[in-house]
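Undergrad: Below you will find the structure I want to go over with you.
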Amino acid sequence: MIERARIAELLSGASVTPVSLEDESCLGLVLRVAADDLLATFAALRDSFEQLIDLLGADLTPRNGGIEVTYRLRSLQENSDLVVKTTLEPGAALPSVTGFYLSALLPEREACEMFGLKLTGHPNPKHLLLTEGLPPMLLKSVPLRSEEDIQAETLPEGDPALQLLQEFEERGIIPPEDPDDPLENYVMAEWLSPEPPPGPIVPRNIRRQDDDPQSLSTNHYLLQIGPAHPATHGVLNIVAEMDGEKIVSSEAHVGNLHRGIEKLAESRRYHQLGTLVDRGDYVGGCNNELAVALAVEQLAEIEVPDRASWIRVLMAEINRLASHYIWFGPTGLDTGAMGIFLFCLYDRELWLDVLEEISGQRMMFNYIRPGGVVADITPKSVQMIEDILKIADGRLDEHYDALMASEIFQQRACGVGVVSKEDALSLGATGFVARASGIDWDLRRDRPYAAYDKMDFDVLTADSGDVWARMFCRLDEMRQSLRIVRQCLDGMPEGDFSAKLPRVLRVPEGECYVPVEAPRGEMGVHIYSDGTDKPYRMSYRPPTLYSLMISDLTLPGHFLADGIVSLGSFDFCFGEVDR
Amino acid sequence: MALDKVFGEQSIVFLKSEQFFDWARGRSLWYMAFGIACCSLEGLIAAAGPRFDFDRHGVFYRGVPRQSDVMIVAGTVNRKMAVIVKRLYEMMPEPRYVVSMGACANAGGPFREYPNVVTGVDKIIPVDIYIPGCPPRPESVQYAFLQLRKKINEDAKARFSS
């Protein structure tokens with residue numbers, strides 16, 4: 001643990017006077033600094049904390065608090081977190097911390113557009129999620145639509161095709177007039193150095209190699225990949241600058257599925273939050289529900305029965321298996337292997353049958369709720385799981401033989417999409433992306449929640465950080481999940497499946513952050529509660545938003561076909577990237 | 001050959017080319033592999049998978065709008081995406097059909113209060129079949145395609161009887 005005294009010492013070394021440095025019960029150690037001291041604070045803390053895990057804003061103006069921006073720093077070696085908070089006036093400028101932690105790149109843009117802040121010192125301070133013309137949506141003064149507004153909705157006029165062409169033009173086909181202007185386009189290829197640059201990153205415009213005598217004098221061209229492309233696994237839009245078959249630079253554009261989960265959560269009761277986060281990471285919904293349920297329980301101090309915790313672990317692991325299958329198969333498809341896709345879907349259907357038997361749904365379970373789970377597991381579902389467990393390990397070996405043992409696949413996967421450990425740390429990698437790059441970290445083991453402290457499982461890490469390592473780590477995760485499912489069946493305690501709760505749950509005032517190890521990495525829920533039956537603000541930490549930045553960094557230098565394999569291996573889920 | 005079973009062996013059939021195309025069209029509806037959100041897992045991936053096996057209905061996915069007959073709008077359409085959905089629809093060759101899948105594409109679903117979300121894809125493109133559910137099961141997508149085939153047949157009949 002990093003103690004309070006050590007942080008105070010670090011800050012006084014940098015001559016920063018904190019507004020307060022206190023241990024708050026649900027959040028842990030909280031450091032509040034003035035906005036002017038933010039950069040000096042991060043400079044002092046950068047060496048002690050490797051990762052910036054989460055960044056979120058909250059509009060506290062109705063409570064006379066201004067706009068509060070929260071940073072969560074993590075030291076993996078000491079397994080401790082520090083929350084840094086700063087308060088800004090509405091419309092004020094937020095200094096960018098991308099010079100210290102690259103993982104702030106996209107979350108900062110999101111926080112600023114959602115709360116109407118200005119962003120200074122950021123290499124690319126464009127809008128991230130919202131369509132142009134919408135107000136900062138997460139401000140409390142911006143309302144949701146009423147039923148009359150919805151009925152009267154009309155869409156902007158104009159020829160969509162022309163609009164689209166104009167949009168492409170705005171995205172940087174034309175080289176910027178002033179290359180030093182930080183508002184202009186930039187390339188991420190400059191950041192491949194192991195050391196993040198000391199100050200803010202100097203942006204570059206898209207490079208042209210016409211004057212290079214050694215090149216084949218092909219003009220570079222821009223290639224739009226997505227958003228309607230089968231290989232982007234969702235509605236990702238990548239604008240890549242191509243030199244023949246090679247990607248020279250690329251930038252990912254997101255926001256094609258932005259549907260306001262965080263804003264809508266403010267008008268839902270605590271019981272109903274699961275419905276929304278299910279549709280965030282729609283492939284691994286149970287883990288998201290679990291995070292929300294744990295956060296509400298922590299705030300309201302609800303005791304969960306043992307059996308409920310065990311059922312939660314069981315469901316989370318089955319869901320993880322189902323989610324990994326839908327990734328393993330299509331990754332094969334990206335390299336041209338059709339068969340493995342069908343094998344994996346066959347196995348996934350087996351697990352979906354179990355999920356359907358227990359929760360009643362194939363997706364969007366809404367099964368784990370504050371206090372416990374909705375219904376007990378049935379004897380039939382136990383029998384179904386046991387039947388699958390008899391063959392599942394062998395099936396995984398078959399999948400390995402069918403895809404990963406093939407030399408063709410190995411040549412496509414080894415050495416492609418390499419993420420170094422330094423990049424993974426600086427860009428906030430969690431979950432399997434971090435483990436494949438040699439970071440030994442698993443929330444289930446290091447900060448056990450639900451009943452994971454009673455489970456026996458291993459965490460596999462790899463050093464190479466390429467597509468092969470990510471596939472290998474995740475295949476092993478599936479084996480460990482099978483082990484955990486087996487232990488859940490063997491050791492399931494008797495008792496209630498849910499605590500007794502009032503119909504309308506009121507949660508005392510407070511603030512908490514609960515992370516869980518979702519299939520794609522650390523999924524966290526940060527809830528501000530104001531004592532009513534609805535959350536004041538709910539923030540969702542999407543693991544794949546951070547892997548998106550990592551993939552953006554790894555694409556340049558690859559052939560297009562390899563880039564697609566690399567993209568697929570990060571397993572994006574755009575429901576949660578855009579929320 | 002399948003035609004033999006319909007018309008008898010060694011038979012000679014005289015028909016207008018439009019009639020022949022209408023007959024064929026309902027039996028090979030190729031949809032565009034274009035998933036937006038959650039519904040794509042059920043309607044495009046699971047339905048094409050080994051258990052539900054959409055292929056036996058002559059329904060298969062194509063990666064390109066130029067080669068597809070049907071567009072399954074599987075997920076929430078927001079304002080940014082509306083432009084692209086419209087453009088993809090215009091790239092498809094006629095006759096083209098649209099299946100609106102799930103609560104979000106039908107009417108905005110649980111997100112309809114959010115101003116960035118388009119409340120129903122029928123605000124931007126014409127829709128032939130709506131599938132309710134959040135998300136609908138793969139079977140209901142198959143049922144929708146059977147209904148679409150019926151609709152195509154009826155359209156063809158109406159064209160030739162008039």
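Letters A, B, ... go to the chains of the structure tokens in the order shown; residues in each chain start at 1; ligands are counted from 1 in the same order.
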Compile the contact shell of segment 270-276 of chain A as a compact mmCIF listing (two decimals) with N, CA and C atoms, in the first residue's frame: residues with an atom at most 8 Å away, counting only C-alpha atoms, same-chain residues fewer than 4 positions apart removed.

TA:
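Wrote result_8.txt, looks like this:
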# COMPACT_ATOMS: atom_id res chain seq x y z
N ILE A 261 -25.76 5.86 -22.35
CA ILE A 261 -26.03 4.99 -21.20
C ILE A 261 -25.81 5.75 -19.89
N ALA A 265 -28.74 6.62 -17.17
CA ALA A 265 -28.67 6.01 -15.85
C ALA A 265 -29.13 6.97 -14.77
N GLY A 280 -24.25 -2.20 -22.62
CA GLY A 280 -22.92 -1.63 -22.83
C GLY A 280 -22.04 -2.69 -23.46
N ASN A 288 -20.95 -6.92 -16.18
CA ASN A 288 -21.32 -5.52 -15.98
C ASN A 288 -22.37 -5.39 -14.90
N GLU A 289 -23.37 -6.29 -14.95
CA GLU A 289 -24.39 -6.28 -13.91
C GLU A 289 -23.75 -6.47 -12.55
N VAL A 292 -22.24 -3.23 -11.23
CA VAL A 292 -23.24 -2.29 -10.73
C VAL A 292 -23.80 -2.78 -9.40
N ALA A 293 -24.11 -4.08 -9.34
CA ALA A 293 -24.69 -4.62 -8.11
C ALA A 293 -23.72 -4.44 -6.94
N VAL A 296 -23.63 -0.72 -5.83
CA VAL A 296 -24.81 -0.31 -5.06
C VAL A 296 -24.77 -0.93 -3.68
N MET A 364 -28.47 -10.06 -22.65
CA MET A 364 -29.19 -9.06 -21.83
C MET A 364 -29.91 -9.74 -20.66
N ASN A 366 -30.00 -9.35 -17.26
CA ASN A 366 -30.61 -8.63 -16.14
C ASN A 366 -30.85 -9.58 -14.97
N ILE A 368 -28.24 -10.45 -12.40
CA ILE A 368 -27.57 -10.08 -11.15
C ILE A 368 -28.06 -8.70 -10.76
N ARG A 369 -28.70 -8.58 -9.63
CA ARG A 369 -29.24 -7.29 -9.20
C ARG A 369 -28.73 -6.99 -7.80
N PRO A 370 -28.84 -5.73 -7.36
CA PRO A 370 -28.40 -5.41 -6.00
C PRO A 370 -29.08 -6.33 -5.00
N LEU A 505 -35.16 1.08 -3.59
CA LEU A 505 -33.91 1.10 -2.84
C LEU A 505 -33.39 2.52 -2.77
N ASP A 533 -33.49 7.55 -4.80
CA ASP A 533 -33.55 6.20 -5.35
C ASP A 533 -32.90 6.11 -6.72
N LYS A 534 -32.35 7.22 -7.22
CA LYS A 534 -31.67 7.20 -8.51
C LYS A 534 -30.24 7.69 -8.34
N PRO A 535 -29.29 7.17 -9.12
CA PRO A 535 -27.92 7.67 -8.96
C PRO A 535 -27.81 9.11 -9.47

Undergrad: Near chain A, meaning an atom within 10 Å, which residues of chain B appear when counting only C-alpha atoms? Write them as a PyMOL selection string.

TA: chain B and resi 32-42+45-46+48-52+62-65+75-88+90+107-108+110-119+123-124+134-137

Undergrad: Might you pull out every residue within 12 Å of Gln383 of chain A, with only C-alpha atoms counted and same-chain residues fewer than 5 positions away left off, and present them as a VMD selection string?

TA: chain A and resid 353 to 354 357 to 358 377 to 378 388 to 390 486 489
